[in-house]
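The block underneath contains the structure these notes are about, expressed in structure tokens.
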Amino acid sequence: MIQAAKHEKVLVSIRVNGKLYEEAVEPRKLLSDFLREECGLTGTHVGCEHGVCGACTVRVNGAAVRSCLMFAVQAADAEITTVEGLAHPGNRHPLLDALSECHGLQCGFCTPGILMSAAEFLEEHEEPTREQIKEMLSGHLCRCTGYKGIVEAIEKVAKSKRTGR
Amino acid sequence: MTGNGSIELNGSIEHVFHKLMDPEVLTECIMGCKSMELVGERKYRADLSVGIAAVKGKYDAYITVEDVQAPHHFKLVVHGEGGPGYVDAEGIIDLTPLDESRTQLTYTYQAEVGGKVAAIGQRMLGGVAKLLIGDFFKKIKKSLERGQQIA
Amino acid sequence: MKPASFNYYRPSTLEETLQLLLDCGDEGKLIAGGQSLIPILNMRLSSLEHVIDINGLQELDYIRMEEGILKIGGLCRQRSLEKSPTVKEVAPLLSEAVPFIGHVQTRNRGTVGGSLVHADPTAEIPLSLLALNATAIIQSAEETREVPVEDFFITYLTTDIASTEMLTEIQIPVDALPKGYAFVEFSRRHGDFALVAVASLLDTDEDGTITAGRIAIGGVDAVPMLAHDAMDVLLGEKLTDALLEEAGNIAAENTDPESDLHASREYRQHLAKVFTKRAIRKAYERSQHKLGGGRNHDSGSQT
């Protein structure tokens, strides 16, 4: 059993974007803060800290989750992908360019969270309908774009995956 | 939010009124009340730990008894501040004798809740307020019944 | 904001967990999916002394059919329920309800047991399980007991579970249940807490007569409620517009909602009527369709 008294730290070992991070943190340390502070991966944004905005979304063992609603210690031994992991040189996720081409971002604050949800979504849906895309996006608040460009970018990537164009 | 209610209590109107004015009885019956100290003319300070399920918070509260028309009417004014937010509430209590040993208590209240607890818990505030206030009067009723059994 | 500090435990077995619960008493709280608890902690609306993390108890994450009963482990993720072909086949009411719960991202972590014990008056899982006549299996270090979901809810966020106890399984008697089903909900935005939600099960015979059913309404009281009186007028009758209207009215009259920032009491009662009618009609049509009749009741009007 893992246990820690108040203010006591535990050693947390998490693989993020393929790299292992081992840091001692209190159990109450949120995964979002761990990624930003201990791992230096500030691509994951912190918006509301109570699970409604979606800006902090990352993938934990493939599943898109709100990292502000997880303690880092709960992600131990998991494989995390953050937005930085979508942009490895030579292995760039097509959503990144599609989003830019379709004007699917302005301030970019909500964007990392949306990219992570969309990455999971595209793996599960080969031919998504507009309704399905909107449903997936419902967990993300964007104040700039009106979502239109985001939906188009996702449709574009889904189509090019299918047709190879 | 506003609300009202009515409850039948054991005891003559004078007895019930006297009980409601007693700070020891109030401490016992107000949910989560650790202590009440007199800080002025009919003004008390209390430490309240109030909430529902895991969502309990500590409030530093001032309770004033106003508009006293013994033995059938008074007003309770409560102002509480704490981590989760603040509460401003006013309750008007009216007593009517039913007979020598039973009294009808009717209350109306209005309350304003602000801060985090109001922002997050809006949809449950009215119901929880009703619950907590109802709980207070149920405890008053029990306290009076116990008193009767001993007497 | 960030949570206040707490003592943290991550047990690896159910026995360890139950012992911890006993030792921590009133000051212990379980964390499963955390989708309701962590926001409360982050906002510091609660500070906990002992947090017991049960995400390591993989043995409680399951969905299985056993002798006509669907058994769902307390730690089963809502997303698993959503994707499960077994659930779609034997308890399609649940499959219809789960997509209304929050968003995909919260369903990836949120658990079925956690939602039931949290007992939000508008939540989809407590409401569905009430309609499905489910039973909760509650365990402590000292005993195991079974509580019908019908008797489980006490008030806002409060259920018949002691601080030393844990919900380990939910059982749904699927073979014994009416086969027509419907889950409907109204919220301002998709994924919001429901203003009003209705879960309904109905059985009909080949004549179109309603023979059995359950109607559960959420968002209209401190706990999800069963609309007994509305159901009573339906039994033994064929569904007509007039009967539907009567059932809707009775259901709404028996609700006792509060007015709040999101909806007034009157509006919630109106929604209760409208959505009870929609749920009954949908469940009726599905029940008839299963019998191969595909018969609709005599009306085409939208309500």
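Residues in the structure tokens are numbered from 1 in each chain, the chains being A, B, ... in the order shown, and ligands are numbered from 1 in the order shown.
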
> Which neighbours of range 127-140 of chain C fall inside 9 Å, counting only C-alpha atoms, when residues of the same chain fewer than 5 positions from it are skipped, and could you give them as a PyMOL selection string?
Replying inline: chain C and resi 18-19+21-22+91+93-94+97+113+116+121-122+145-150+152+161-162+164-174+177-178+183+197-201+213-218+223-226

> Taking only C-alpha atoms into account, which residues of chain A are within 12 Å of chain B, as a PyMOL selection string?
Replying inline: chain A and resi 50-52

Could the residues in this selection be written to a file with N, CA and C atoms, as a compact mmCIF listing (two decimals), in the first residue's frame?
```
# COMPACT_ATOMS: atom_id res chain seq x y z
N HIS A 50 -11.53 23.08 -11.93
CA HIS A 50 -12.58 22.23 -11.36
C HIS A 50 -13.29 21.43 -12.44
N GLY A 51 -12.60 21.16 -13.50
CA GLY A 51 -13.07 20.16 -14.46
C GLY A 51 -14.13 20.57 -15.43
N VAL A 52 -14.26 21.88 -15.75
CA VAL A 52 -15.30 22.23 -16.71
C VAL A 52 -14.77 22.78 -18.03
```

Contacts between chain C and chain B, please, where a residue of chain B counts if it comes within 7 Å (with only C-alpha atoms); show its shortest atom pair and distance in Å to one decimal, rows by chain and ascending number, as a tab-separated table.
```
residue	atom	partner	partner_atom	distance
B:Ala53	CA	C:Thr158	CA	5.9
B:Ala54	CA	C:Ser46	CA	6.2
B:Val55	CA	C:Ser46	CA	5.0
B:Lys56	CA	C:Ser46	CA	5.8
B:Gly57	CA	C:Leu45	CA	6.5
B:Pro84	CA	C:Leu45	CA	5.6
B:Val117	CA	C:Leu45	CA	6.9
B:Gln122	CA	C:Leu261	CA	6.6
B:Arg123	CA	C:Asp260	CA	5.8
B:Gly126	CA	C:Glu258	CA	6.2
B:Gly127	CA	C:Glu258	CA	6.3
```

Taking only C-alpha atoms into account, find every residue of chain A that has an atom no more than 10 Å from chain C, and write it out as a CSV table (one decimal) with C-alpha atoms, in the first residue's frame.
```
chain,number,residue,atom,x,y,z
A,1,MET,CA,0.0,0.0,0.0
A,2,ILE,CA,1.2,3.5,-0.8
A,3,GLN,CA,0.7,6.0,1.9
A,4,ALA,CA,1.8,9.5,2.9
A,5,ALA,CA,1.0,11.7,5.9
A,6,LYS,CA,-0.1,15.3,5.4
A,7,HIS,CA,2.7,17.4,3.8
A,8,GLU,CA,4.7,14.3,3.2
A,10,VAL,CA,5.9,10.5,-2.3
A,26,GLU,CA,2.7,15.6,-2.2
A,27,PRO,CA,-0.2,13.3,-3.0
A,28,ARG,CA,-2.4,16.4,-3.4
A,29,LYS,CA,-0.3,17.7,-6.3
A,30,LEU,CA,-2.6,17.8,-9.3
A,33,ASP,CA,0.6,21.0,-12.0
A,48,CYS,CA,-10.7,26.4,-14.3
A,49,GLU,CA,-9.2,23.8,-12.0
A,50,HIS,CA,-12.6,22.2,-11.4
A,51,GLY,CA,-13.1,20.2,-14.5
A,52,VAL,CA,-15.3,22.2,-16.7
A,54,GLY,CA,-11.1,21.1,-20.7
A,57,THR,CA,-6.9,17.6,-21.1
A,58,VAL,CA,-4.1,15.0,-21.5
A,59,ARG,CA,-4.2,11.3,-22.5
A,60,VAL,CA,-3.6,8.8,-19.7
A,63,ALA,CA,-7.9,8.0,-22.7
A,64,ALA,CA,-8.5,11.8,-22.7
A,65,VAL,CA,-8.9,13.0,-19.1
A,66,ARG,CA,-8.9,16.3,-17.3
A,67,SER,CA,-5.5,16.4,-15.7
A,68,CYS,CA,-6.8,18.9,-13.0
A,69,LEU,CA,-9.0,16.2,-11.8
A,70,MET,CA,-6.3,13.7,-11.1
A,71,PHE,CA,-3.5,13.7,-8.6
A,73,VAL,CA,0.3,10.1,-7.7
A,74,GLN,CA,-2.7,8.5,-9.4
A,117,SER,CA,-9.4,14.9,-27.1
A,121,PHE,CA,-11.4,10.7,-31.0
A,134,LYS,CA,-19.4,18.4,-31.7
A,135,GLU,CA,-20.3,16.0,-28.9
A,136,MET,CA,-16.6,15.3,-28.3
A,137,LEU,CA,-15.9,19.0,-28.3
A,138,SER,CA,-18.7,19.7,-25.8
A,139,GLY,CA,-16.2,19.1,-23.0
A,140,HIS,CA,-14.0,22.0,-24.2
```

>> Need to verify the contact set: Gly115 in chain B, 9 Å, only C-alpha atoms, exclusion of same-chain residues closer than 4 positions in sequence. Can you return it as a list in words?
In response: Gly83, Pro84, Gly85, Tyr86, Val87, Ala119 and Ile120 of chain B

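Here CA of Gly292 in chain C stands at a distance of 11.6 Å from CA of Thr204 in chain C.
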
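The environment of Ile63 in chain C within 12 Å, counting only C-alpha atoms and disregarding residues fewer than 6 places along the same chain, consists of Ile69, Leu70, Lys71, Ile72, Gly73, Gly74, Leu75, Cys76, Arg77, Gln78, Arg79, Ser80, Leu81, Glu82, Lys83, Ser84, Pro85, Thr86, Val87, Lys88, Val90, Ala91, Val112, Glu169, Ile170, Gln171 and Ile172 of chain C.
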
> Counting only C-alpha atoms, what is within 9 Å of Asp77 in chain A, bar same-chain residues fewer than 4 positions away, as a VMD selection string?
Replying inline: chain A and resid 12 to 15

> What does the distance between CA of Val78 in chain B and CA of Met36 in chain B come to in Å, to one decimal place?
Replying inline: 12.6 Å

>> Quick check, in Å to one decimal: how far apart do CA of Lys19 in chain B and CA of Val65 in chain B lie?
In response: 13.4 Å

> Running DSSP on the backbone, which parts of range 3-104 of chain A land in helix (DSSP H, G or I), as a list in words?
Replying inline: Leu31, Ser32, Asp33, Phe34, Leu35, Arg36, Glu37, Glu38, Ser67, Cys68, Leu69, Ala72, Val73, Gln74, Ala75, Val83, Glu84, Gly85, Leu86, Pro94, Leu95, Leu96, Asp97, Ala98, Leu99, Ser100 and Glu101 of chain A

Those selected residues, please, written with C-alpha atoms and delivered as an mmCIF file, in the first residue's frame.
```
data_model
loop_
_atom_site.group_PDB
_atom_site.id
_atom_site.type_symbol
_atom_site.label_atom_id
_atom_site.label_comp_id
_atom_site.auth_asym_id
_atom_site.auth_seq_id
_atom_site.Cartn_x
_atom_site.Cartn_y
_atom_site.Cartn_z
ATOM 1 C CA LEU A 31 -1.402 15.995 -12.492
ATOM 2 C CA SER A 32 -1.806 19.262 -14.408
ATOM 3 C CA ASP A 33 0.606 21.013 -12.047
ATOM 4 C CA PHE A 34 3.013 18.083 -12.037
ATOM 5 C CA LEU A 35 3.243 18.173 -15.825
ATOM 6 C CA ARG A 36 3.772 21.921 -15.895
ATOM 7 C CA GLU A 37 6.055 22.327 -12.894
ATOM 8 C CA GLU A 38 7.930 19.091 -12.275
ATOM 9 C CA SER A 67 -5.527 16.416 -15.655
ATOM 10 C CA CYS A 68 -6.761 18.941 -13.050
ATOM 11 C CA LEU A 69 -9.021 16.173 -11.752
ATOM 12 C CA ALA A 72 -0.053 13.026 -10.028
ATOM 13 C CA VAL A 73 0.299 10.075 -7.699
ATOM 14 C CA GLN A 74 -2.731 8.468 -9.371
ATOM 15 C CA ALA A 75 -0.962 8.550 -12.739
ATOM 16 C CA VAL A 83 0.320 18.181 -26.543
ATOM 17 C CA GLU A 84 4.101 18.269 -26.751
ATOM 18 C CA GLY A 85 3.923 14.600 -27.680
ATOM 19 C CA LEU A 86 1.927 15.429 -30.792
ATOM 20 C CA PRO A 94 -1.793 16.107 -38.848
ATOM 21 C CA LEU A 95 -4.241 17.951 -36.585
ATOM 22 C CA LEU A 96 -1.615 20.571 -35.795
ATOM 23 C CA ASP A 97 -1.386 21.852 -39.358
ATOM 24 C CA ALA A 98 -5.083 21.266 -40.086
ATOM 25 C CA LEU A 99 -6.104 23.389 -37.105
ATOM 26 C CA SER A 100 -3.900 26.200 -38.234
ATOM 27 C CA GLU A 101 -5.122 25.995 -41.842
#
```

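The neighbours of Val16 in chain A here are the residues that come within 9 Å of it, using only C-alpha atoms and leaving out any residue fewer than 3 positions away in the same chain; they are Lys19, Leu20, Tyr21, Leu35, Cys39, Ala78, Glu79, Ile80, Thr81, Thr82 and Gly85 of chain A.
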
>> Taking 3 positions as the minimum chain separation for residues in the same chain, which residues sit within 10 Å of Val25 in chain B when counting only C-alpha atoms? Answer as a PyMOL selection string.
In response: chain B and resi 18-22+28-30+139-140+143-144

Residue subset to file, keeping C-alpha atoms, as a short mmCIF file (atom, residue, chain, number, x, y, z; two decimals), in the first residue's frame:
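Contents of result.cif, as written:
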```cif
data_model
loop_
_atom_site.label_atom_id
_atom_site.label_comp_id
_atom_site.auth_asym_id
_atom_site.auth_seq_id
_atom_site.Cartn_x
_atom_site.Cartn_y
_atom_site.Cartn_z
CA HIS B 18 -38.20 30.99 26.90
CA LYS B 19 -36.51 27.95 25.37
CA LEU B 20 -35.95 29.68 22.05
CA MET B 21 -34.24 32.58 23.83
CA ASP B 22 -31.87 30.25 25.68
CA GLU B 28 -27.56 22.31 20.88
CA CYS B 29 -30.04 22.68 18.05
CA ILE B 30 -28.15 24.65 15.43
CA LYS B 139 -34.21 19.53 17.21
CA ILE B 140 -36.06 22.28 19.10
CA SER B 143 -35.41 19.27 23.08
CA LEU B 144 -38.81 20.38 24.36
#
```
